[in-house]
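For reference, target-v2.tsv (TSV, C-alpha atoms):
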chain	number	residue	atom	x	y	z
A	1	MET	CA	0.00	0.00	0.00
A	2	PRO	CA	1.56	3.36	-0.99
A	3	THR	CA	2.60	5.76	1.77
A	4	ARG	CA	0.23	8.70	2.09
A	5	ARG	CA	1.88	12.06	1.59
A	6	TRP	CA	0.28	15.12	3.19
A	7	PRO	CA	0.18	18.27	1.08
A	8	LEU	CA	2.34	21.10	2.39
A	9	GLN	CA	-0.75	23.27	2.92
A	10	ALA	CA	-2.29	20.61	5.18
A	11	LEU	CA	0.88	20.32	7.25
A	12	ILE	CA	1.02	24.09	7.67
A	13	PHE	CA	-2.54	23.99	9.02
A	14	ILE	CA	-2.24	20.88	11.20
A	15	PHE	CA	1.08	21.64	12.92
A	16	PRO	CA	-0.07	24.74	14.86
A	17	VAL	CA	-3.15	22.85	16.02
A	18	LEU	CA	-1.09	19.93	17.30
A	19	LEU	CA	1.42	22.30	18.91
A	20	ALA	CA	-1.33	24.24	20.71
A	21	ALA	CA	-2.88	21.02	21.98
A	22	SER	CA	0.46	19.72	23.23
A	23	LEU	CA	1.15	22.98	25.06
A	24	ALA	CA	-2.32	23.16	26.57
A	25	PHE	CA	-1.96	19.73	28.12
A	26	ALA	CA	1.80	19.74	28.68
A	27	GLY	CA	3.07	17.77	31.63
A	28	ASP	CA	-0.03	15.67	32.34
A	29	GLU	CA	-2.73	14.19	30.17
A	30	ASP	CA	-5.33	15.36	32.68
A	31	ALA	CA	-4.09	18.97	32.88
A	32	GLN	CA	-4.89	22.00	30.81
A	33	VAL	CA	-2.39	24.80	31.40
A	34	LEU	CA	-3.54	28.42	31.29
A	35	ASN	CA	-0.68	30.79	30.49
A	36	GLY	CA	-0.87	34.57	30.44
A	37	HIS	CA	-0.01	36.00	33.85
A	38	GLU	CA	3.36	37.70	34.12
A	39	GLY	CA	3.82	36.85	37.78
A	40	SER	CA	2.97	34.19	40.33
A	41	VAL	CA	-0.72	33.29	40.59
A	42	HIS	CA	-2.10	33.43	44.12
A	43	ALA	CA	-5.86	32.93	43.80
A	44	VAL	CA	-8.24	30.95	41.63
A	45	THR	CA	-11.97	30.23	41.57
A	46	PHE	CA	-14.73	28.97	39.27
A	47	SER	CA	-17.92	30.73	38.26
A	48	PRO	CA	-21.12	29.12	39.59
A	49	ASP	CA	-21.91	27.62	36.17
A	50	SER	CA	-18.37	26.14	35.92
A	51	ARG	CA	-17.78	27.89	32.58
A	52	LEU	CA	-15.25	30.48	33.78
A	53	VAL	CA	-12.15	30.55	35.92
A	54	ALA	CA	-10.88	33.73	37.56
A	55	SER	CA	-7.28	34.11	38.70
A	56	GLY	CA	-5.39	36.78	40.64
A	57	SER	CA	-1.68	37.37	40.35
A	58	SER	CA	1.36	39.25	41.62
A	59	ASP	CA	1.32	41.01	38.24
A	60	THR	CA	-1.61	43.01	39.79
A	61	THR	CA	-4.13	41.70	37.24
A	62	VAL	CA	-7.18	39.49	37.39
A	63	ARG	CA	-7.85	37.26	34.40
A	64	LEU	CA	-10.97	35.46	33.26
A	65	TRP	CA	-10.58	32.19	31.37
A	66	GLU	CA	-12.99	29.98	29.45
A	67	VAL	CA	-12.86	26.46	30.87
A	68	SER	CA	-13.88	24.64	27.68
A	69	SER	CA	-11.15	26.19	25.51
A	70	GLY	CA	-8.58	27.45	28.01
A	71	LYS	CA	-8.68	30.85	26.32
A	72	GLU	CA	-8.15	34.07	28.23
A	73	LEU	CA	-11.33	36.08	27.82
A	74	ARG	CA	-10.57	39.25	29.73
A	75	GLU	CA	-7.94	41.01	31.81
A	76	LEU	CA	-9.16	43.15	34.70
A	77	ASP	CA	-6.78	45.98	35.58
A	78	GLY	CA	-7.04	48.34	38.52
A	79	HIS	CA	-5.29	46.90	41.55
A	80	GLN	CA	-1.94	48.47	42.37
A	81	MET	CA	-0.39	45.42	44.06
A	82	MET	CA	-0.71	41.63	44.10
A	83	VAL	CA	-4.20	40.17	43.85
A	84	GLY	CA	-4.47	37.39	46.41
A	85	ALA	CA	-8.22	36.71	46.57
A	86	VAL	CA	-11.02	36.14	44.05
A	87	SER	CA	-14.66	35.11	44.49
A	88	PHE	CA	-17.70	35.01	42.18
A	89	SER	CA	-21.13	36.10	43.43
A	90	PRO	CA	-23.70	33.26	43.58
A	91	ASP	CA	-25.35	34.48	40.37
A	92	GLY	CA	-21.99	34.75	38.60
A	93	ARG	CA	-22.50	38.37	37.59
A	94	VAL	CA	-20.00	39.96	39.98
A	95	LEU	CA	-16.41	39.09	40.80
A	96	ALA	CA	-14.86	40.26	44.07
A	97	THR	CA	-11.09	40.63	44.30
A	98	GLY	CA	-8.81	41.39	47.24
A	99	SER	CA	-5.32	42.82	46.97
A	100	TRP	CA	-2.17	43.78	48.81
A	101	ASP	CA	-3.14	47.37	47.96
A	102	ASN	CA	-5.60	47.00	50.92
A	103	THR	CA	-8.67	47.27	48.67
A	104	ILE	CA	-11.51	45.04	47.58
A	105	ARG	CA	-12.95	45.62	44.14
A	106	LEU	CA	-16.20	44.42	42.64
A	107	TRP	CA	-16.23	43.84	38.89
A	108	ASP	CA	-19.01	43.33	36.37
A	109	VAL	CA	-18.13	39.96	34.85
A	110	SER	CA	-19.81	40.58	31.49
A	111	SER	CA	-18.14	43.93	30.82
A	112	GLY	CA	-14.99	43.72	32.93
A	113	GLN	CA	-15.73	47.12	34.45
A	114	GLU	CA	-15.05	47.93	38.09
A	115	ILE	CA	-18.38	48.70	39.75
A	116	LYS	CA	-17.40	49.25	43.41
A	117	ARG	CA	-14.29	49.72	45.52
A	118	LEU	CA	-14.49	48.69	49.18
A	119	LEU	CA	-12.14	50.57	51.48
A	120	GLY	CA	-11.44	49.98	55.15
A	121	HIS	CA	-8.76	47.36	55.66
A	122	GLY	CA	-5.45	48.72	56.89
A	123	LYS	CA	-3.32	45.98	55.32
A	124	SER	CA	-3.50	43.45	52.52
A	125	VAL	CA	-6.75	41.61	51.80
A	126	ASN	CA	-6.01	37.87	51.78
A	127	SER	CA	-9.45	36.34	51.28
A	128	VAL	CA	-12.93	37.28	50.08
A	129	ALA	CA	-16.15	35.25	50.09
A	130	PHE	CA	-19.76	35.95	49.14
A	131	SER	CA	-22.60	34.78	51.36
A	132	PRO	CA	-24.85	32.15	49.72
A	133	ASP	CA	-27.59	34.75	49.09
A	134	GLY	CA	-25.07	37.19	47.59
A	135	ARG	CA	-26.00	40.03	49.92
A	136	LEU	CA	-22.85	39.99	52.05
A	137	LEU	CA	-19.16	39.82	51.29
A	138	ALA	CA	-16.68	38.70	53.95
A	139	SER	CA	-13.01	39.64	53.80
A	140	GLY	CA	-9.98	38.56	55.82
A	141	SER	CA	-6.92	40.76	56.10
A	142	ALA	CA	-3.37	41.08	57.34
A	143	ASP	CA	-4.74	43.77	59.68
A	144	ASN	CA	-6.04	40.81	61.78
A	145	THR	CA	-9.71	41.63	61.15
A	146	ILE	CA	-12.63	40.16	59.26
A	147	ARG	CA	-15.05	42.61	57.71
A	148	LEU	CA	-18.58	42.13	56.46
A	149	TRP	CA	-19.76	44.32	53.60
A	150	ASP	CA	-23.16	45.11	52.13
A	151	VAL	CA	-22.69	44.18	48.47
A	152	SER	CA	-25.44	46.48	47.19
A	153	THR	CA	-23.99	49.60	48.83
A	154	GLY	CA	-20.33	48.68	49.25
A	155	LYS	CA	-20.51	49.77	52.90
A	156	GLU	CA	-18.84	47.98	55.80
A	157	ILE	CA	-21.53	46.69	58.17
A	158	ALA	CA	-19.48	44.76	60.73
A	159	ARG	CA	-15.95	44.17	61.91
A	160	LEU	CA	-15.14	40.81	63.51
A	161	GLU	CA	-12.17	41.04	65.85
A	162	GLY	CA	-10.39	38.35	67.84
A	163	HIS	CA	-7.59	37.01	65.68
A	164	THR	CA	-4.19	38.23	66.82
A	165	ARG	CA	-2.38	37.73	63.51
A	166	GLN	CA	-3.37	38.05	59.88
A	167	VAL	CA	-6.52	36.32	58.66
A	168	ARG	CA	-5.65	34.12	55.69
A	169	SER	CA	-9.00	32.54	54.77
A	170	VAL	CA	-12.73	33.13	55.25
A	171	VAL	CA	-15.71	31.06	54.09
A	172	PHE	CA	-19.46	31.05	54.71
A	173	SER	CA	-21.32	27.89	55.63
A	174	PRO	CA	-23.74	26.76	52.88
A	175	ASP	CA	-26.77	28.06	54.81
A	176	GLY	CA	-25.05	31.41	55.41
A	177	LYS	CA	-25.48	31.25	59.18
A	178	LEU	CA	-21.82	30.71	60.05
A	179	LEU	CA	-18.52	32.16	58.92
A	180	ALA	CA	-15.25	30.26	59.38
A	181	SER	CA	-11.85	31.94	59.45
A	182	GLY	CA	-8.28	30.71	59.54
A	183	SER	CA	-5.36	32.79	60.76
A	184	PHE	CA	-1.62	32.88	61.28
A	185	ASP	CA	-2.41	33.01	65.02
A	186	ASN	CA	-2.77	29.19	64.68
A	187	SER	CA	-6.52	29.25	65.18
A	188	VAL	CA	-9.69	28.45	63.25
A	189	ARG	CA	-12.68	30.43	64.46
A	190	ILE	CA	-16.40	30.10	63.83
A	191	TRP	CA	-18.58	33.22	63.87
A	192	ASP	CA	-22.35	33.60	64.01
A	193	VAL	CA	-23.23	35.83	61.06
A	194	SER	CA	-26.46	37.13	62.59
A	195	SER	CA	-25.03	38.20	65.96
A	196	LYS	CA	-21.48	38.81	64.68
A	197	LEU	CA	-20.19	36.91	67.73
A	198	GLN	CA	-17.39	34.35	67.87
A	199	MET	CA	-18.90	30.93	68.65
A	200	MET	CA	-15.81	28.75	68.70
A	201	LYS	CA	-12.03	28.83	68.59
A	202	MET	CA	-9.98	25.78	67.56
A	203	THR	CA	-6.21	25.47	67.93
A	204	ASN	CA	-5.79	21.80	66.99
A	205	HIS	CA	-3.16	22.47	64.34
A	206	GLY	CA	-0.59	24.28	66.46
A	207	TRP	CA	0.60	25.97	63.26
A	208	ARG	CA	-0.40	28.85	61.04
A	209	ILE	CA	-3.71	28.27	59.24
A	210	PHE	CA	-3.69	28.90	55.50
A	211	SER	CA	-7.12	27.77	54.31
A	212	VAL	CA	-10.60	26.72	55.47
A	213	SER	CA	-13.43	25.07	53.50
A	214	PHE	CA	-16.97	23.94	54.36
A	215	SER	CA	-18.49	20.81	52.87
A	216	SER	CA	-21.67	21.31	50.84
A	217	ASP	CA	-23.89	20.12	53.71
A	218	GLY	CA	-22.12	22.38	56.21
A	219	LYS	CA	-21.31	19.54	58.61
A	220	LEU	CA	-17.60	19.39	57.88
A	221	LEU	CA	-14.95	22.07	57.98
A	222	ALA	CA	-11.50	21.42	56.52
A	223	SER	CA	-8.52	23.49	57.57
A	224	SER	CA	-4.93	23.33	56.38
A	225	SER	CA	-1.58	24.08	57.89
A	226	ASP	CA	2.00	22.82	57.81
A	227	GLN	CA	2.03	19.27	56.43
A	228	VAL	CA	-1.31	18.20	57.94
A	229	THR	CA	-4.88	18.62	56.77
A	230	VAL	CA	-7.40	18.22	59.56
A	231	ILE	CA	-11.14	17.94	58.94
A	232	HIS	CA	-13.22	19.19	61.84
A	233	MET	CA	-16.77	17.92	62.34
A	234	ILE	CA	-19.16	20.82	62.95
A	235	ASN	CA	-22.60	20.45	64.50
A	236	THR	CA	-24.40	23.34	62.82
A	237	GLU	CA	-27.65	22.63	64.67
A	238	GLU	CA	-25.90	23.71	67.87
A	239	VAL	CA	-24.30	26.83	66.41
A	240	GLY	CA	-21.03	25.25	65.37
A	241	LEU	CA	-20.06	23.26	68.44
A	242	LEU	CA	-17.05	21.07	67.72
A	243	THR	CA	-17.92	17.39	68.10
A	244	LYS	CA	-14.76	15.64	66.91
A	245	ASP	CA	-11.92	15.57	64.40
A	246	ALA	CA	-13.29	13.70	61.42
A	247	GLY	CA	-9.93	13.00	59.84
A	248	ILE	CA	-6.25	13.82	59.58
A	249	PHE	CA	-4.67	13.34	56.16
A	250	HIS	CA	-0.90	12.92	55.85
A	251	GLY	CA	0.94	12.85	52.55
A	252	HIS	CA	2.15	16.28	51.51
A	253	GLU	CA	5.82	16.99	52.01
A	254	ASN	CA	5.42	20.65	52.88
A	255	LEU	CA	2.84	23.11	54.18
A	256	ILE	CA	-0.65	22.95	52.67
A	257	SER	CA	-1.68	26.32	51.28
A	258	SER	CA	-5.24	25.56	50.16
A	259	VAL	CA	-8.05	23.03	50.67
A	260	ALA	CA	-11.42	22.59	48.95
A	261	PHE	CA	-14.27	20.09	49.21
A	262	SER	CA	-15.80	18.55	46.12
A	263	PRO	CA	-19.42	19.61	45.49
A	264	ASP	CA	-20.74	16.25	46.74
A	265	GLY	CA	-18.53	16.36	49.84
A	266	LYS	CA	-16.97	12.97	49.13
A	267	ARG	CA	-13.54	14.29	48.17
A	268	LEU	CA	-11.16	16.83	49.61
A	269	ALA	CA	-8.49	18.46	47.46
A	270	SER	CA	-5.34	20.11	48.79
A	271	GLY	CA	-2.57	22.17	47.23
A	272	SER	CA	0.88	22.49	48.72
A	273	VAL	CA	4.29	24.11	48.68
A	274	ASP	CA	5.51	20.64	47.62
A	275	GLU	CA	4.17	21.61	44.14
A	276	THR	CA	1.43	18.96	44.11
A	277	VAL	CA	-2.35	18.82	44.23
A	278	ARG	CA	-3.77	15.80	46.04
A	279	VAL	CA	-7.30	14.48	46.24
A	280	TRP	CA	-8.47	12.49	49.24
A	281	ASP	CA	-11.41	10.22	49.94
A	282	ARG	CA	-13.09	12.01	52.83
A	283	SER	CA	-14.54	8.87	54.43
A	284	THR	CA	-11.37	6.72	54.33
A	285	GLY	CA	-8.66	9.37	54.39
A	286	LEU	CA	-6.93	7.68	51.45
A	287	GLU	CA	-5.25	9.64	48.68
A	288	VAL	CA	-7.11	8.87	45.44
A	289	LYS	CA	-5.40	11.26	42.99
A	290	LEU	CA	-2.03	12.97	42.76
A	291	PHE	CA	-1.55	15.81	40.28
A	292	GLU	CA	2.00	16.95	39.51
A	293	GLY	CA	3.43	19.36	36.99
A	294	HIS	CA	3.28	22.89	38.37
A	295	GLY	CA	6.98	23.33	39.01
A	296	GLY	CA	6.19	25.81	41.76
A	297	TRP	CA	4.34	26.35	45.02
A	298	VAL	CA	0.59	25.72	44.63
A	299	HIS	CA	-1.01	28.78	46.23
A	300	SER	CA	-4.72	28.16	45.65
A	301	ILE	CA	-7.11	25.44	44.48
A	302	ALA	CA	-10.83	25.25	43.70
A	303	PHE	CA	-13.32	22.57	42.65
A	304	SER	CA	-15.62	23.41	39.77
A	305	PRO	CA	-19.27	23.43	40.92
A	306	ASP	CA	-20.06	20.62	38.46
A	307	GLY	CA	-17.26	18.51	39.99
A	308	HIS	CA	-15.47	17.89	36.68
A	309	PHE	CA	-12.33	19.97	37.33
A	310	ILE	CA	-9.93	21.24	39.94
A	311	ALA	CA	-8.19	24.53	39.24
A	312	SER	CA	-4.85	25.27	40.85
A	313	ALA	CA	-2.75	28.44	40.87
A	314	SER	CA	1.01	28.36	41.14
A	315	GLU	CA	4.12	30.35	41.89
A	316	ASN	CA	5.33	29.60	38.34
A	317	GLY	CA	2.67	31.90	36.86
A	318	THR	CA	0.28	29.25	35.55
A	319	VAL	CA	-3.21	28.02	36.29
A	320	HIS	CA	-3.80	24.30	35.82
A	321	LEU	CA	-7.17	22.70	35.15
A	322	TRP	CA	-7.08	19.09	36.32
A	323	ARG	CA	-9.75	16.80	34.93
A	324	MET	CA	-11.58	14.87	37.65
A	325	SER	CA	-14.20	13.28	35.39
A	326	SER	CA	-15.59	13.54	31.88
A	327	PRO	CA	-17.88	16.55	31.37
Translate the structure of the given file into structure tokens.
Amino acid sequence: MPTRRWPLQALIFIFPVLLAASLAFAGDEDAQVLNGHEGSVHAVTFSPDSRLVASGSSDTTVRLWEVSSGKELRELDGHQMMVGAVSFSPDGRVLATGSWDNTIRLWDVSSGQEIKRLLGHGKSVNSVAFSPDGRLLASGSADNTIRLWDVSTGKEIARLEGHTRQVRSVVFSPDGKLLASGSFDNSVRIWDVSSKLQMMKMTNHGWRIFSVSFSSDGKLLASSSDQVTVIHMINTEEVGLLTKDAGIFHGHENLISSVAFSPDGKRLASGSVDETVRVWDRSTGLEVKLFEGHGGWVHSIAFSPDGHFIASASENGTVHLWRMSSP
């Protein structure tokens, strides 16, 4: 049978396509690599419909990416220093970002325009999170405080004080009644959103806390620190009383910078300074997936709401999309 010879025109067309595909999935068959930032990437999150990824970087920009294609759709400029926090509103129309310039900015996702600037923190804003109804925004800062903001007006409505070092992570419970925070004062704290009072303080880790995450049913809270991920069992019917440690997962070789539950609560993902992303079976504590290829500290991770992907942001300036299951 004669050897088929491709016309030169066909090769000119096919080669760029193959090259783009190889670059997009370089390093791991399950990873799509999003390149574009000119500095380390410190924050990543998915839109509620799982179609978009937002990332914040030391290059002071926020970028929006299309999950299906990996294309950069928009660059949001305005912050004067590193962007270390990103969060979509529940309806996906607004993106909140927090920066080392001490500001929080709200952006219109469809147009990319800044719509509000929230001022009040005295130091860098490390974490932002919308309440489930979208009416409140919580922020954690290096000024040791947590602030609650009215999204519609942009006004600060409460200041939660108690942490003695910078607050690295904040997250609302799924019903919006509780707010969890993790701090470099080695504590995880639970706050009642209605009364604005601290309900619980946990110091199980004995190390700086980098990240906290509620499970979708609100009964579990994961927190991460140096080399150990501890899942705390929370009894939300009794205003967040700690009942027991539900699991301790060992495996990372350095501090764990970020944790996130899967939408069904059956898996827990963690990202680490050891440059890996690991996925754990919550009920058994066994590692079920190991994702490698960043080549730099993994600063932030997020599960897509549909459960198909994990996004991770790295010191090497890339965002990786790791495929958990077929869409």
Taking 3 positions as the minimum chain separation for residues in the same chain, which residues sit within 9 Å of Trp297 in chain A when counting all atoms listed in the file? Answer as a VMD selection string. chain A and resid 257 271 to 276 294 313 to 316
Option closest in space to Val212 in chain A, from A:Gly317, A:Gly134, A:Gly182, A:Gly247 [counting all atoms listed in the file]: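 Among A:Gly317, A:Gly134, A:Gly182, A:Gly247, it is A:Gly182 that comes nearest to Val212 in chain A.
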Taking (-0.1, 47.7, 49.5) as a centre in this file's frame and 8 Å as the limit, can you find every polymer residue with an atom that close, using only C-alpha atoms, and give them as a ChimeraX atom specification? /A:80-81,99-102,123-124
I want to know what sits within 7 Å of Ile146 in chain A, based on all atoms listed in the file, with residues of the same chain fewer than 6 positions away left out; could you give that as a list in words? Ala138, Ser139, Gly140, Arg159, Leu160 and Glu161 of chain A
Within 7 Å of Asp185 in chain A, counting all atoms listed in the file, which residues qualify if same-chain residues fewer than 4 places away don't, as JSON, numbers by chain? {"A": [163, 164, 165, 208]}
What does the file look like for those residues with C-alpha atoms, as a compact mmCIF listing (two decimals), in the coordinates of the input?
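Produced file selection09.txt, reproduced below:
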# COMPACT_ATOMS: atom_id res chain seq x y z
CA HIS A 163 -7.59 37.01 65.68
CA THR A 164 -4.19 38.23 66.82
CA ARG A 165 -2.38 37.73 63.51
CA ARG A 208 -0.40 28.85 61.04
